[in-house]
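Structure file entry.txt with compact mmCIF, C-alpha atoms and all ligand atoms:
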# COMPACT_ATOMS: atom_id res chain seq x y z
CA MET A 1 -69.80 -16.03 -7.61
CA GLU A 2 -67.08 -13.53 -8.47
CA ILE A 3 -66.31 -11.01 -5.79
CA ASP A 4 -63.18 -9.08 -4.94
CA LYS A 5 -63.82 -7.98 -1.41
CA PRO A 6 -65.71 -9.56 1.49
CA THR A 7 -69.40 -9.39 0.76
CA THR A 8 -72.34 -9.94 3.06
CA ILE A 9 -75.31 -11.81 1.66
CA ILE A 10 -78.51 -13.32 2.94
CA CYS A 11 -78.86 -16.95 2.00
CA THR A 12 -80.50 -20.23 2.90
CA VAL A 13 -78.71 -23.46 3.73
CA VAL A 14 -79.45 -25.98 0.98
CA ALA A 15 -77.24 -28.83 2.16
CA VAL A 16 -74.25 -29.60 4.32
CA ASP A 17 -71.69 -31.94 2.76
CA HIS A 18 -71.31 -34.84 5.17
CA ALA A 19 -69.84 -37.26 2.61
CA ASN A 20 -66.45 -35.65 3.11
CA SER A 21 -64.97 -35.24 6.54
CA ILE A 22 -66.21 -32.11 8.25
CA TYR A 23 -63.02 -31.88 10.33
CA TYR A 24 -59.31 -31.66 9.91
CA ARG A 25 -56.61 -32.18 12.47
CA VAL A 26 -54.17 -29.52 13.57
CA CYS A 27 -51.36 -29.17 16.09
CA SER A 28 -52.90 -27.90 19.32
CA VAL A 29 -50.12 -25.34 19.68
CA CYS A 30 -49.30 -23.93 16.25
CA GLU A 31 -52.57 -25.00 14.53
CA LYS A 32 -50.76 -26.19 11.41
CA THR A 33 -52.53 -29.03 9.61
CA LEU A 34 -51.48 -32.54 10.66
CA PRO A 35 -52.34 -35.92 9.17
CA GLU A 36 -55.58 -37.43 10.49
CA ASN A 37 -53.63 -39.90 12.63
CA PRO A 38 -50.45 -38.10 13.59
CA THR A 39 -47.75 -40.50 14.68
CA ILE A 40 -44.80 -38.18 14.43
CA PRO A 41 -44.15 -34.93 16.30
CA CYS A 42 -45.53 -31.78 14.75
CA LYS A 43 -42.81 -30.89 12.31
CA PHE A 44 -43.74 -27.23 12.43
CA CYS A 45 -43.18 -26.57 16.13
CA ASN A 46 -41.94 -29.88 17.58
CA PHE A 47 -44.32 -29.41 20.49
CA ASN A 48 -45.73 -32.89 20.16
CA ASN A 49 -42.41 -34.42 21.11
CA ARG A 50 -43.46 -33.96 24.68
CA PHE A 51 -46.89 -35.51 24.29
CA ASN A 52 -48.64 -38.48 22.91
CA PRO A 53 -49.43 -37.04 19.50
CA SER A 54 -52.74 -38.84 19.30
CA THR A 55 -54.11 -37.05 22.36
CA SER A 56 -53.11 -33.70 23.75
CA GLY A 57 -50.78 -32.71 20.94
CA SER A 58 -53.50 -32.28 18.36
CA LYS A 59 -57.09 -31.24 17.98
CA ARG A 60 -59.75 -31.11 15.32
CA LEU A 61 -61.11 -28.03 13.63
CA PHE A 62 -64.19 -27.79 11.46
CA ARG A 63 -63.89 -27.51 7.69
CA VAL A 64 -67.33 -27.86 6.21
CA LEU A 65 -68.64 -27.47 2.68
CA ILE A 66 -72.11 -25.99 2.58
CA SER A 67 -74.42 -25.32 -0.36
CA ILE A 68 -76.23 -22.06 0.05
CA ALA A 69 -78.90 -20.38 -2.03
CA THR A 70 -79.36 -16.69 -2.59
CA ASP A 71 -82.34 -15.30 -4.47
CA THR A 72 -80.44 -15.80 -7.73
CA LYS A 73 -78.21 -18.85 -7.41
CA VAL A 74 -77.00 -21.86 -5.46
CA PHE A 75 -73.32 -22.32 -4.76
CA VAL A 76 -70.93 -24.07 -2.42
CA VAL A 77 -68.93 -22.24 0.22
CA ILE A 78 -66.35 -23.50 2.66
CA MET A 79 -66.75 -22.81 6.34
CA PHE A 80 -63.81 -23.05 8.70
CA ASP A 81 -63.80 -23.48 12.44
CA ARG A 82 -64.89 -20.08 13.71
CA ALA A 83 -67.91 -19.83 11.42
CA ALA A 84 -68.84 -23.51 11.64
CA LYS A 85 -68.91 -23.36 15.44
CA VAL A 86 -71.73 -20.82 15.24
CA LEU A 87 -73.86 -23.34 13.33
CA PHE A 88 -72.73 -26.49 15.13
CA GLY A 89 -72.71 -25.00 18.62
CA CYS A 90 -69.64 -26.86 19.83
CA SER A 91 -66.02 -27.47 19.02
CA ALA A 92 -65.03 -29.92 16.31
CA ASP A 93 -63.57 -32.25 18.96
CA GLU A 94 -66.83 -32.21 20.91
CA PHE A 95 -68.78 -32.97 17.75
CA PHE A 96 -66.35 -35.75 16.84
CA ASP A 97 -66.83 -37.32 20.28
CA PHE A 98 -70.60 -37.06 19.92
CA ALA A 99 -70.38 -38.67 16.46
CA LYS A 100 -68.46 -41.65 17.89
CA THR A 101 -71.62 -42.83 19.58
CA HIS A 102 -73.97 -41.36 16.96
CA PRO A 103 -72.49 -42.31 13.59
CA TYR A 104 -75.04 -40.34 11.59
CA ALA A 105 -74.48 -37.14 13.56
CA ALA A 106 -72.91 -35.24 10.65
CA MET A 107 -75.81 -36.12 8.38
CA ALA A 108 -78.33 -35.23 11.07
CA ALA A 109 -76.56 -31.93 11.73
CA GLY A 110 -76.84 -31.13 8.04
CA ARG A 111 -80.55 -31.88 8.09
CA ALA A 112 -81.00 -29.75 11.19
CA LEU A 113 -79.39 -26.80 9.43
CA GLU A 114 -81.14 -27.18 6.07
CA GLY A 115 -83.41 -24.26 5.35
CA GLU A 116 -81.85 -21.98 7.95
CA MET A 117 -81.62 -18.41 6.78
CA LEU A 118 -78.19 -16.93 7.34
CA ASN A 119 -76.44 -13.65 6.99
CA VAL A 120 -72.98 -14.66 5.77
CA THR A 121 -69.93 -12.68 4.86
CA ILE A 122 -67.94 -14.45 2.18
CA SER A 123 -64.59 -13.66 0.70
CA LYS A 124 -62.21 -14.98 -1.87
CA PRO A 125 -60.11 -17.88 -0.62
CA LYS A 126 -56.65 -16.86 0.60
CA ASN A 127 -55.20 -19.69 -1.40
CA GLY A 128 -55.65 -18.75 -5.04
CA ASN A 129 -56.10 -22.40 -6.01
CA ALA A 130 -58.92 -22.98 -3.57
CA GLN A 131 -62.17 -23.87 -5.22
CA HIS A 132 -64.76 -22.30 -2.98
CA MET A 133 -65.59 -18.95 -1.50
CA ARG A 134 -64.76 -18.84 2.18
CA VAL A 135 -67.25 -17.88 4.86
CA VAL A 136 -65.69 -15.22 7.06
CA SER A 137 -68.60 -14.84 9.45
CA VAL A 138 -72.12 -16.12 9.82
CA VAL A 139 -75.18 -14.90 11.70
CA PRO A 140 -78.31 -17.09 11.83
CA LEU A 141 -81.37 -14.95 11.16
CA ARG A 142 -84.24 -17.07 12.47
CA SER A 143 -85.20 -16.00 15.98
CA GLY A 144 -85.62 -19.58 17.16
CA PHE A 145 -82.34 -20.78 15.69
CA GLN A 146 -80.52 -23.38 17.69
CA PRO A 147 -77.10 -24.83 16.88
CA ALA A 148 -77.05 -28.30 15.35
CA ILE A 149 -75.57 -30.00 18.42
CA GLU A 150 -78.56 -28.89 20.51
CA THR A 151 -81.01 -30.26 17.95
CA LEU A 152 -79.06 -33.51 17.90
CA ARG A 153 -79.00 -33.81 21.68
CA GLU A 154 -82.77 -33.44 21.69
CA LEU A 155 -83.07 -35.91 18.83
CA TYR A 156 -80.92 -38.53 20.53
CA ARG A 157 -81.90 -37.47 24.07
CA THR A 158 -78.38 -37.35 25.44
ZN ZN B 1 -47.13 -27.55 15.97
If you convert what's in this file into structure tokens, what do you get?
Amino acid sequence: MEIDKPTTIICTVVAVDHANSIYYRVCSVCEKTLPENPTIPCKFCNFNNRFNPSTSGSKRLFRVLISIATDTKVFVVIMFDRAAKVLFGCSADEFFDFAKTHPYAAMAAGRALEGEMLNVTISKPKNGNAQHMRVVSVVPLRSGFQPAIETLRELYRT
């Protein structure tokens, strides 16, 4: 889809990509991207020098690829933390912890969201090389919508 300015569309969730990681790790202070298992201090702000980098010095954020359908086409968009939290209903770290004991949680979350009708605002990626349109904001339209984590908690009775 070619657009030049942020555009709001109504669409349906076709699928959530759970084959790729739905998270990435960032420094908890400067939020720059870190390797998945950071062993060195954050080179951007050095904050992690004072902490065990595997715990308090970093956190996960959502980065989720979602196929959506409008009335004319199906395409893939990328959803970062703020938008993904609306659909998942928790932080990426909380979801990661949940997925430790429920290994299929990402797949189940995708299933829970399939078919949901959304009002999304999409815009061109900031990075010109990025492949997918970026979701700026998302509003679920179904009155009984519940975030994926709530569906999963019911499913797994936790
Ligand atoms: Zn940092």
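The shell of residues at most 8 Å from segment 62-70 of chain A, with only C-alpha atoms counted and near chain neighbours (fewer than 3 positions) removed, consists of Ile9, Ile10, Cys11, Thr12, Val13, Val14, Ala15, Val16, Asp17, Ser21, Ile22, Tyr23, Tyr24, Lys73, Val74, Phe75, Val76, Val77, Ile78, Met79, Phe80, Asp81, Ala84, Lys85, Ser91 and Ala92 of chain A.
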Could you list, as a tab-separated table (two decimals) with C-alpha atoms, in the frame of the given file, all protein and nucleic acid residues with an atom at most 9 Å from ligand ZN 1 (chain B), counting only C-alpha atoms and all ligand atoms?
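Result saved to selection_25.tsv:
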chain	number	residue	atom	x	y	z
A	26	VAL	CA	-54.17	-29.52	13.57
A	27	CYS	CA	-51.36	-29.17	16.09
A	28	SER	CA	-52.90	-27.90	19.32
A	29	VAL	CA	-50.12	-25.34	19.68
A	30	CYS	CA	-49.30	-23.93	16.25
A	31	GLU	CA	-52.57	-25.00	14.53
A	32	LYS	CA	-50.76	-26.19	11.41
A	33	THR	CA	-52.53	-29.03	9.61
A	34	LEU	CA	-51.48	-32.54	10.66
A	41	PRO	CA	-44.15	-34.93	16.30
A	42	CYS	CA	-45.53	-31.78	14.75
A	43	LYS	CA	-42.81	-30.89	12.31
A	44	PHE	CA	-43.74	-27.23	12.43
A	45	CYS	CA	-43.18	-26.57	16.13
A	46	ASN	CA	-41.94	-29.88	17.58
A	47	PHE	CA	-44.32	-29.41	20.49
A	48	ASN	CA	-45.73	-32.89	20.16
A	57	GLY	CA	-50.78	-32.71	20.94
A	58	SER	CA	-53.50	-32.28	18.36
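Rounded to one decimal, atom CA of Gly89 of chain A and atom CA of Pro6 of chain A lie 24.1 Å from each other.
Reported to one decimal place, the separation of atom CA of Val86 of chain A from atom CA of Tyr156 of chain A is 20.6 Å.
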To one decimal place in Å, what is the distance between atom CA of Met133 of chain A and atom CA of Cys90 of chain A?
23.1 Å
Can you find the residues with an atom no farther than 12 Å from (-80.0, -32.4, 18.4), counting only C-alpha atoms, and report them as a PDB file with C-alpha atoms, in the frame of the given file?
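Generated output (out-v8.pdb):
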ATOM      1  CA  PHE A  88     -72.730 -26.490  15.130  1.00  0.00           C
ATOM      2  CA  GLY A  89     -72.710 -25.000  18.620  1.00  0.00           C
ATOM      3  CA  CYS A  90     -69.640 -26.860  19.830  1.00  0.00           C
ATOM      4  CA  PHE A  95     -68.780 -32.970  17.750  1.00  0.00           C
ATOM      5  CA  PHE A  98     -70.600 -37.060  19.920  1.00  0.00           C
ATOM      6  CA  ALA A  99     -70.380 -38.670  16.460  1.00  0.00           C
ATOM      7  CA  HIS A 102     -73.970 -41.360  16.960  1.00  0.00           C
ATOM      8  CA  TYR A 104     -75.040 -40.340  11.590  1.00  0.00           C
ATOM      9  CA  ALA A 105     -74.480 -37.140  13.560  1.00  0.00           C
ATOM     10  CA  ALA A 106     -72.910 -35.240  10.650  1.00  0.00           C
ATOM     11  CA  MET A 107     -75.810 -36.120   8.380  1.00  0.00           C
ATOM     12  CA  ALA A 108     -78.330 -35.230  11.070  1.00  0.00           C
ATOM     13  CA  ALA A 109     -76.560 -31.930  11.730  1.00  0.00           C
ATOM     14  CA  GLY A 110     -76.840 -31.130   8.040  1.00  0.00           C
ATOM     15  CA  ARG A 111     -80.550 -31.880   8.090  1.00  0.00           C
ATOM     16  CA  ALA A 112     -81.000 -29.750  11.190  1.00  0.00           C
ATOM     17  CA  LEU A 113     -79.390 -26.800   9.430  1.00  0.00           C
ATOM     18  CA  GLN A 146     -80.520 -23.380  17.690  1.00  0.00           C
ATOM     19  CA  PRO A 147     -77.100 -24.830  16.880  1.00  0.00           C
ATOM     20  CA  ALA A 148     -77.050 -28.300  15.350  1.00  0.00           C
ATOM     21  CA  ILE A 149     -75.570 -30.000  18.420  1.00  0.00           C
ATOM     22  CA  GLU A 150     -78.560 -28.890  20.510  1.00  0.00           C
ATOM     23  CA  THR A 151     -81.010 -30.260  17.950  1.00  0.00           C
ATOM     24  CA  LEU A 152     -79.060 -33.510  17.900  1.00  0.00           C
ATOM     25  CA  ARG A 153     -79.000 -33.810  21.680  1.00  0.00           C
ATOM     26  CA  GLU A 154     -82.770 -33.440  21.690  1.00  0.00           C
ATOM     27  CA  LEU A 155     -83.070 -35.910  18.830  1.00  0.00           C
ATOM     28  CA  TYR A 156     -80.920 -38.530  20.530  1.00  0.00           C
ATOM     29  CA  ARG A 157     -81.900 -37.470  24.070  1.00  0.00           C
ATOM     30  CA  THR A 158     -78.380 -37.350  25.440  1.00  0.00           C
TER      31      THR A 158
END
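Closest approach to Asp93 of chain A among A:Leu61, A:Ala130, A:Val136, A:Ala19 is made by A:Leu61 (distances from all atoms listed in the file).
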Quick one: of A:Asn37, A:Asp4, A:Met117, A:Asn20, who's nearest to Phe145 of chain A, counting all atoms listed in the file?
A:Met117
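Of the listed residues (A:Arg25, A:Lys59, A:His18, A:Arg142), A:Arg142 comes nearest to Glu116 of chain A; the distances count only C-alpha atoms.
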